[in-house]
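Coordinates from input_28.cif are shown below (mmCIF, C-alpha atoms and all ligand atoms).
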data_entry
#
loop_
_atom_site.label_atom_id
_atom_site.label_comp_id
_atom_site.auth_asym_id
_atom_site.auth_seq_id
_atom_site.Cartn_x
_atom_site.Cartn_y
_atom_site.Cartn_z
CA VAL A 30 89.00 149.99 54.92
CA SER A 31 85.43 149.66 55.98
CA PHE A 32 82.49 147.34 56.27
CA ARG A 33 80.75 146.44 53.04
CA ARG A 34 77.14 147.21 52.28
CA CYS A 35 74.69 144.46 51.37
CA ASP A 36 71.20 145.56 50.34
CA GLY A 37 69.43 142.25 50.89
CA PRO A 38 69.80 139.71 53.68
CA LEU A 39 73.41 138.51 53.87
CA ALA A 40 72.25 134.92 53.47
CA ALA A 41 70.86 135.75 50.03
CA GLY A 42 74.24 137.01 48.81
CA TYR A 43 76.14 133.75 49.33
CA ASP A 44 75.67 130.08 48.46
CA ALA A 45 77.03 128.77 51.78
CA ALA A 46 77.87 129.86 55.30
CA PHE A 47 80.81 128.35 57.17
CA LEU A 48 79.80 128.73 60.80
CA ASP A 49 82.23 128.56 63.66
CA LEU A 50 80.67 126.78 66.65
CA ASP A 51 81.60 128.19 70.06
CA GLY A 52 80.67 131.85 70.23
CA VAL A 53 78.51 131.61 67.10
CA VAL A 54 76.08 128.68 67.41
CA TYR A 55 76.52 128.06 71.12
CA VAL A 56 78.35 129.62 74.02
CA GLY A 57 79.60 126.91 76.32
CA PRO A 58 76.66 124.64 77.10
CA ASP A 59 73.92 126.97 75.81
CA PRO A 60 72.79 127.72 72.27
CA VAL A 61 72.99 131.33 71.16
CA PRO A 62 69.28 132.19 71.57
CA SER A 63 68.78 133.29 67.98
CA ALA A 64 70.76 130.44 66.42
CA PRO A 65 68.12 127.73 65.87
CA ALA A 66 65.59 129.99 64.15
CA SER A 67 68.21 131.97 62.22
CA ILE A 68 69.87 128.85 60.84
CA GLU A 69 66.53 127.28 59.93
CA SER A 70 65.44 130.43 58.13
CA ALA A 71 68.74 130.81 56.26
CA ARG A 72 68.56 127.19 55.16
CA SER A 73 64.99 127.49 53.96
CA GLY A 74 66.16 130.38 51.78
CA GLY A 75 68.63 128.03 50.09
CA LEU A 76 71.83 128.70 52.04
CA ARG A 77 74.05 125.67 52.58
CA VAL A 78 75.09 125.78 56.24
CA MET A 79 78.34 124.09 57.24
CA PHE A 80 79.70 123.91 60.77
CA VAL A 81 83.46 124.40 60.59
CA THR A 82 85.46 123.82 63.75
CA ASN A 83 89.09 123.87 64.79
CA ASN A 84 88.27 121.29 67.44
CA ALA A 85 89.61 117.90 66.39
CA SER A 86 88.66 115.89 69.44
CA ARG A 87 85.02 115.14 68.63
CA THR A 88 83.85 113.28 65.53
CA PRO A 89 81.54 115.02 63.02
CA ASP A 90 78.82 112.58 64.11
CA ALA A 91 79.17 113.55 67.78
CA ILE A 92 79.15 117.25 66.90
CA ALA A 93 76.07 116.83 64.69
CA ARG A 94 74.24 115.05 67.52
CA HIS A 95 75.16 117.83 69.95
CA LEU A 96 73.93 120.51 67.53
CA THR A 97 70.68 118.64 66.94
CA GLU A 98 70.16 118.36 70.71
CA ILE A 99 70.44 122.12 71.19
CA GLY A 100 67.91 122.82 68.45
CA VAL A 101 70.11 123.11 65.38
CA PRO A 102 69.44 119.99 63.30
CA ALA A 103 72.67 118.82 61.69
CA ALA A 104 74.00 115.71 59.96
CA ALA A 105 77.61 114.58 60.09
CA GLY A 106 77.98 115.78 56.49
CA ASP A 107 77.23 119.33 57.59
CA VAL A 108 80.24 119.34 59.93
CA VAL A 109 83.86 119.89 58.94
CA THR A 110 86.55 119.45 61.58
CA SER A 111 90.24 120.22 61.63
CA ALA A 112 90.75 116.46 62.07
CA GLN A 113 89.29 115.93 58.59
CA ALA A 114 91.67 118.54 57.22
CA VAL A 115 94.52 116.71 58.96
CA GLY A 116 93.43 113.51 57.22
CA ARG A 117 93.56 115.23 53.83
CA MET A 118 97.02 116.63 54.59
CA LEU A 119 98.27 113.16 55.54
CA VAL A 120 97.10 111.78 52.20
CA GLU A 121 99.04 114.52 50.44
CA LEU A 122 102.19 114.31 52.57
CA VAL A 123 102.87 110.66 53.45
CA PRO A 124 102.42 107.32 51.66
CA SER A 125 99.19 105.40 52.16
CA GLY A 126 99.35 102.95 55.04
CA SER A 127 102.09 104.86 56.88
CA ASP A 128 102.39 104.66 60.64
CA VAL A 129 101.04 107.91 62.10
CA LEU A 130 101.53 108.72 65.78
CA VAL A 131 98.26 110.17 67.05
CA VAL A 132 98.24 112.51 70.02
CA GLY A 133 94.62 113.56 70.35
CA GLY A 134 91.02 112.54 70.78
CA PRO A 135 88.63 110.14 69.04
CA GLY A 136 87.92 112.55 66.21
CA LEU A 137 91.58 112.60 65.23
CA TRP A 138 92.06 108.86 65.56
CA ALA A 139 89.05 108.24 63.31
CA GLU A 140 90.27 110.56 60.56
CA VAL A 141 93.78 109.11 60.55
CA SER A 142 92.26 105.69 59.90
CA ALA A 143 89.81 107.08 57.35
CA ALA A 144 92.74 108.61 55.48
CA GLY A 145 94.16 105.12 54.98
CA MET A 146 96.93 105.50 57.54
CA HIS A 147 97.90 103.24 60.41
CA PRO A 148 97.42 105.10 63.71
CA VAL A 149 99.91 104.27 66.48
CA GLU A 150 100.13 105.37 70.08
CA PHE A 151 103.83 104.99 70.83
CA PHE A 152 107.11 105.99 69.21
CA ASN A 153 109.07 102.98 68.06
CA GLU A 154 112.70 103.80 67.36
CA ALA A 155 113.15 100.71 65.19
CA SER A 156 110.26 101.77 62.98
CA PRO A 157 109.62 105.48 63.44
CA PRO A 158 106.27 106.87 62.28
CA HIS A 159 106.05 108.92 59.08
CA ALA A 160 103.94 111.56 60.78
CA VAL A 161 102.74 112.91 64.10
CA VAL A 162 99.30 114.47 64.31
CA GLN A 163 98.48 116.49 67.39
CA GLY A 164 95.10 117.70 68.57
CA TYR A 165 93.45 118.55 71.85
CA THR A 166 92.09 115.84 74.09
CA ALA A 167 91.03 116.21 77.70
CA ASP A 168 93.22 113.31 78.83
CA MET A 169 96.39 114.77 77.35
CA GLY A 170 99.34 114.28 79.63
CA TYR A 171 103.11 114.16 79.74
CA PRO A 172 103.39 110.60 78.40
CA ARG A 173 101.54 111.54 75.19
CA LEU A 174 103.60 114.68 74.67
CA ALA A 175 106.77 112.69 75.24
CA GLU A 176 105.87 110.25 72.44
CA ALA A 177 105.13 113.17 70.13
CA ALA A 178 108.43 114.87 70.90
CA LEU A 179 110.42 111.68 70.25
CA ALA A 180 108.76 111.19 66.86
CA VAL A 181 109.06 114.83 65.83
CA ARG A 182 112.72 114.82 66.82
CA ALA A 183 113.22 111.67 64.74
CA GLY A 184 112.05 113.58 61.68
CA ALA A 185 108.36 112.78 61.36
CA VAL A 186 106.04 115.13 59.47
CA TRP A 187 104.28 117.07 62.24
CA ILE A 188 100.73 118.32 61.76
CA ALA A 189 98.75 120.20 64.41
CA SER A 190 94.97 120.32 64.21
CA ASN A 191 95.09 123.95 65.38
CA VAL A 192 97.28 126.25 67.44
CA ASP A 193 94.57 127.99 69.47
CA SER A 194 96.32 129.25 72.59
CA THR A 195 93.20 129.02 74.74
CA MET A 196 89.88 127.23 74.83
CA PRO A 197 86.74 128.69 76.44
CA SER A 198 85.12 126.83 79.33
CA PRO A 199 82.47 127.70 81.91
CA ARG A 200 85.33 128.27 84.39
CA GLY A 201 87.30 130.59 82.12
CA LEU A 202 89.99 130.18 79.47
CA LEU A 203 91.81 126.84 79.53
CA PRO A 204 95.00 125.88 77.67
CA GLY A 205 94.15 125.14 74.05
CA ASN A 206 95.92 122.84 71.62
CA GLY A 207 98.38 125.58 70.80
CA ALA A 208 99.65 125.50 74.37
CA LEU A 209 100.27 121.74 74.07
CA VAL A 210 101.85 122.12 70.65
CA ALA A 211 104.15 124.71 72.22
CA ALA A 212 105.48 122.09 74.63
CA VAL A 213 106.57 119.90 71.72
CA ARG A 214 107.87 122.91 69.78
CA VAL A 215 110.06 124.01 72.68
CA ALA A 216 111.29 120.46 73.21
CA THR A 217 112.18 119.84 69.56
CA GLY A 218 112.93 123.24 68.01
CA ARG A 219 110.59 122.35 65.13
CA GLU A 220 107.39 123.95 63.84
CA PRO A 221 104.23 122.01 62.92
CA THR A 222 102.14 122.44 59.81
CA VAL A 223 98.67 123.56 60.95
CA ALA A 224 95.31 122.41 59.59
CA GLY A 225 92.89 124.70 61.41
CA LYS A 226 91.93 128.35 61.16
CA PRO A 227 93.52 130.77 60.36
CA PHE A 228 95.49 128.41 58.09
CA PRO A 229 93.89 127.36 54.79
CA PRO A 230 93.54 123.53 54.96
CA LEU A 231 90.33 123.49 57.05
CA HIS A 232 88.73 126.18 54.91
CA ARG A 233 89.67 124.27 51.74
CA GLU A 234 88.18 121.12 53.22
CA ALA A 235 84.90 122.97 53.91
CA VAL A 236 84.87 124.24 50.31
CA ARG A 237 85.46 120.71 48.98
CA ARG A 238 82.78 119.11 51.12
CA SER A 239 80.15 121.80 50.54
CA GLY A 240 80.88 122.55 46.90
CA ALA A 241 80.54 126.21 47.84
CA ARG A 242 81.59 128.76 45.23
CA ASN A 243 80.89 131.89 47.24
CA PRO A 244 80.85 131.10 50.96
CA LEU A 245 80.53 133.52 53.87
CA VAL A 246 82.64 132.75 56.94
CA VAL A 247 80.86 133.48 60.22
CA GLY A 248 82.99 133.63 63.35
CA ASP A 249 83.61 135.27 66.70
CA ARG A 250 87.42 135.35 66.74
CA LEU A 251 89.58 137.74 64.77
CA ASP A 252 92.80 135.72 64.88
CA THR A 253 91.26 132.45 63.67
CA ASP A 254 87.88 132.81 61.90
CA ILE A 255 88.34 136.26 60.38
CA GLN A 256 92.07 136.06 59.70
CA GLY A 257 91.50 132.73 57.96
CA ALA A 258 88.76 134.25 55.82
CA VAL A 259 90.91 137.22 54.86
CA ALA A 260 93.80 134.89 54.02
CA THR A 261 91.63 132.88 51.61
CA GLY A 262 89.92 135.92 50.09
CA THR A 263 86.55 134.98 51.59
CA ASP A 264 83.95 137.41 52.89
CA SER A 265 83.28 137.20 56.60
CA LEU A 266 80.77 138.17 59.27
CA LEU A 267 82.07 138.85 62.77
CA VAL A 268 79.48 138.27 65.49
CA LEU A 269 79.75 139.78 68.96
CA SER A 270 78.22 136.77 70.73
CA GLY A 271 81.65 135.28 71.46
CA VAL A 272 85.09 136.44 72.51
CA THR A 273 85.57 139.65 70.51
CA ASP A 274 84.47 143.02 71.87
CA LEU A 275 84.37 146.31 70.01
CA ALA A 276 87.61 147.62 71.47
CA GLY A 277 89.31 144.51 70.07
CA LEU A 278 87.62 144.88 66.70
CA ALA A 279 88.55 148.56 66.46
CA ALA A 280 92.18 147.59 67.09
CA ALA A 281 92.15 144.90 64.35
CA THR A 282 94.92 145.05 61.78
CA ALA A 283 93.98 144.81 58.09
CA ASP A 284 94.50 141.03 57.97
CA THR A 285 91.86 140.42 60.67
CA ARG A 286 89.06 142.81 59.65
CA PRO A 287 85.68 141.29 58.78
CA THR A 288 83.50 142.26 55.84
CA TYR A 289 80.40 142.61 58.03
CA LEU A 290 79.57 143.07 61.70
CA GLY A 291 76.58 141.58 63.52
CA ALA A 292 75.40 141.21 67.09
CA ASP A 293 74.90 137.49 66.59
CA ILE A 294 74.10 134.92 63.94
CA SER A 295 70.69 136.49 63.22
CA ALA A 296 72.70 139.05 61.22
CA LEU A 297 72.62 136.45 58.42
CA LEU A 298 69.01 137.42 57.83
CA GLU A 299 69.61 141.16 57.76
CA PRO A 300 71.06 143.56 55.22
CA ALA A 301 74.30 145.37 55.98
CA PRO A 302 74.33 149.17 55.90
CA SER A 303 76.99 151.25 54.23
CA VAL A 304 79.56 153.05 56.37
CA ARG A 305 81.05 156.34 55.23
CA VAL A 306 84.48 157.44 56.39
CA ASP A 307 85.47 161.00 55.53
CA SER A 308 88.66 161.51 53.58
CA GLU A 309 90.47 163.12 56.47
CA ALA A 310 89.42 160.19 58.69
CA GLY A 311 88.16 162.56 61.30
CA ALA A 312 84.68 161.06 61.33
CA ALA A 313 82.62 158.14 60.08
CA SER A 314 78.89 157.57 59.89
CA CYS A 315 76.49 154.69 59.47
CA GLY A 316 72.74 155.10 59.34
CA GLY A 317 71.95 157.79 61.88
CA ALA A 318 75.08 157.15 63.93
CA ARG A 319 78.30 159.11 63.78
CA ALA A 320 81.72 158.61 65.34
CA ALA A 321 84.36 161.32 65.35
CA VAL A 322 87.71 162.00 66.94
CA VAL A 323 88.22 165.60 67.98
CA ASP A 324 91.25 166.68 69.99
CA ALA A 325 92.12 163.06 70.76
CA VAL A 326 88.70 162.32 72.24
CA TRP A 327 85.97 160.07 70.87
CA HIS A 328 82.67 161.75 70.07
CA LEU A 329 80.02 159.08 69.65
CA ASP A 330 76.49 159.95 68.58
CA GLY A 331 73.88 157.27 68.12
CA SER A 332 73.72 153.73 69.38
CA GLY A 333 73.86 150.08 68.62
CA LEU A 334 75.59 148.37 65.74
CA ASP A 335 75.53 151.37 63.44
CA LEU A 336 77.59 153.35 65.93
CA ALA A 337 79.87 150.36 66.42
CA ARG A 338 80.41 150.11 62.66
CA ALA A 339 81.16 153.81 62.35
CA ALA A 340 83.60 153.77 65.27
CA CYS A 341 85.47 150.70 64.02
CA ALA A 342 85.70 152.01 60.46
CA LEU A 343 87.06 155.28 61.76
CA ALA A 344 89.59 153.55 64.00
CA TRP A 345 90.81 151.41 61.07
CA ALA A 346 91.11 154.38 58.75
CA ARG A 347 93.09 156.34 61.31
CA ALA A 348 95.36 153.39 62.12
CA ASP A 349 96.07 152.81 58.42
CA ALA A 350 96.89 156.49 57.95
CA GLY A 351 99.21 156.45 60.94
CA ARG A 352 97.02 158.91 62.81
CA PRO A 353 96.68 158.74 66.58
CA LEU A 354 93.73 156.97 68.15
CA PRO A 355 92.12 157.79 71.46
CA ASP A 356 91.84 154.98 73.98
CA LEU A 357 89.80 152.18 72.40
CA GLY A 358 88.49 151.15 75.81
CA ALA A 359 85.86 153.87 75.36
CA LEU A 360 84.30 151.64 72.70
CA SER A 361 83.76 148.68 75.01
CA ARG A 362 80.53 150.18 76.29
CA LEU A 363 79.09 149.98 72.75
CA SER A 364 79.26 146.18 72.74
CA ARG A 365 75.93 144.43 72.30
MG MG A 401 84.54 130.56 68.21
#

File written out as structure tokens:
Amino acid sequence: VSFRRCDGPLAAGYDAAFLDLDGVVYVGPDPVPSAPASIESARSGGLRVMFVTNNASRTPDAIARHLTEIGVPAAAGDVVTSAQAVGRMLVELVPSGSDVLVVGGPGLWAEVSAAGMHPVEFFNEASPPHAVVQGYTADMGYPRLAEAALAVRAGAVWIASNVDSTMPSPRGLLPGNGALVAAVRVATGREPTVAGKPFPPLHREAVRRSGARNPLVVGDRLDTDIQGAVATGTDSLLVLSGVTDLAGLAAATADTRPTYLGADISALLEPAPSVRVDSEAGAASCGGARAAVVDAVWHLDGSGLDLARAACALAWARADAGRPLPDLGALSRLSR
């Protein structure tokens, strides 16, 4: 129940890295400052870098151009989207050439066609579609959701690109695809099959396209990136450059705990220290840092990531042993 040690740079221990985008490579409009140089260095050491995103609205080509513009050179073949995973699922679930009702952006439309299906925009009762695929698009509105609900209710296979409840924006958290999927779910009483993280299809697609045998998942969200990695038995690096803070990480249940912790993507180039948790789970240490719980109060000695690692490992050990935890809010000040 702790972080793993890695004596050399993390990048040297894996053949590929599956990088989440927002919160890892960029935050909103700006690149994570260390991302361009870190990714270049990891690549020059032989690491295959793939950009793996739940977002189905943009095409791999558009995403690759965006990455290149912000200083992270990428080709379309380096990008794997949930729309591509949706395409693969369609091939497996419905006959070639089937009508597929598309509720989503250009990235989703393109992959439905590339999968050999016939994308349609409207529900036709006389000839109902075999499947409905639903992904986020900025021009989503009631008419699109209404078509989806009619088709789902008529029995179509229903695939969602992802069920992220929110989506970061410069103005704050906006409704994500999961919120729009929920509208159709409530209206139909049915559940979609999901392509994106934390579900396995997108991860499997990234493995197929990269040929990776031993990938490292790098992400900023516990309930998508890290949970998906745990579910597929893949090692993971959580970075603190996105939405997760240390109080959240310390509260993580076993299915959402990362293998490694880093401040940002530059952690790929660094080793990972060992973390020792004592058998009574009263204290944990990492490097020169030590976290302890005495009389229901945190005692934190040291600083930086080593203290964060010790505190999280201790919190996990105590939670798993059913022992009480002091307020995790005290850990927020350790972030970054
Ligand atoms: Mg993210």

Fill in: Protein and nucleic residues near ligand MG 401 (chain A), 6 Å, only C-alpha atoms and all ligand atoms, as JSON, numbers by chain
{"A": [49, 50, 51, 52, 248, 249, 250]}

Worksheet item: Nearest to Val223 in chain A among A:Asn206, A:Ala281, A:Ser270, A:Pro302, with distances taken over only C-alpha atoms: which residue is it?
Response: A:Asn206

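Each of A:Val246, A:Leu130, A:Ala296, A:His159 was checked against Ser70 in chain A using only C-alpha atoms; the smallest atom-to-atom distance is that of A:Ala296.
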
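Of the listed residues A:Ala313, A:Leu251, A:Leu209, A:Ala180, the one whose atoms come nearest to His328 in chain A is A:Ala313, with distances taken using only C-alpha atoms.
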
Worksheet item: Mind pulling up the distance from CA of Val141 in chain A to CA of Ala216 in chain A?
Response: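 Computing it gives 24.4 Å between the two atoms.
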
Worksheet item: Smallest atom-to-atom distance to Pro62 in chain A: which of A:Ser361, A:Thr263, A:Ser295, A:Thr110, using only C-alpha atoms?
Response: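 The answer is A:Ser295, which sits nearest to Pro62 in chain A.
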
Discussion item. Using all atoms listed in the file, which protein or nucleic acid residues come within 7 Å of range 254-260 of chain A? Drop anything in the same chain fewer than 6 positions from it, and give the result as number ranges by chain.
Written reply: A: 226-229, 246, 248, 284-287

Discussion item. Residues near Tyr43 in chain A, anyone? I mean within 8 Å using all atoms listed in the file, not counting same-chain ones fewer than 3 positions away, as a ChimeraX atom specification.
Written reply: /A:39-40,46,76,243-245

Worksheet item: Smallest atom-to-atom distance to Asn153 in chain A: which of A:Leu202, A:Ala139, A:Ala185, A:Ala346, using all atoms listed in the file?
Response: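 Among A:Leu202, A:Ala139, A:Ala185, A:Ala346, it is A:Ala185 that comes nearest to Asn153 in chain A.
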
Discussion item. Report, in Å to a single decimal, how far apart CA of Ala114 in chain A and CA of Ile92 in chain A are.
Written reply: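 If I compute the distance from CA of Ile92 in chain A to CA of Ala114 in chain A, I get 15.9 Å.
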
Discussion item. Ranking A:Val213, A:Pro158, A:Ala189, A:Ala104 by minimum distance to Ala175 in chain A and counting all atoms listed in the file, which one comes first?
Written reply: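 Closest to Ala175 in chain A, using all atoms listed in the file: A:Val213.
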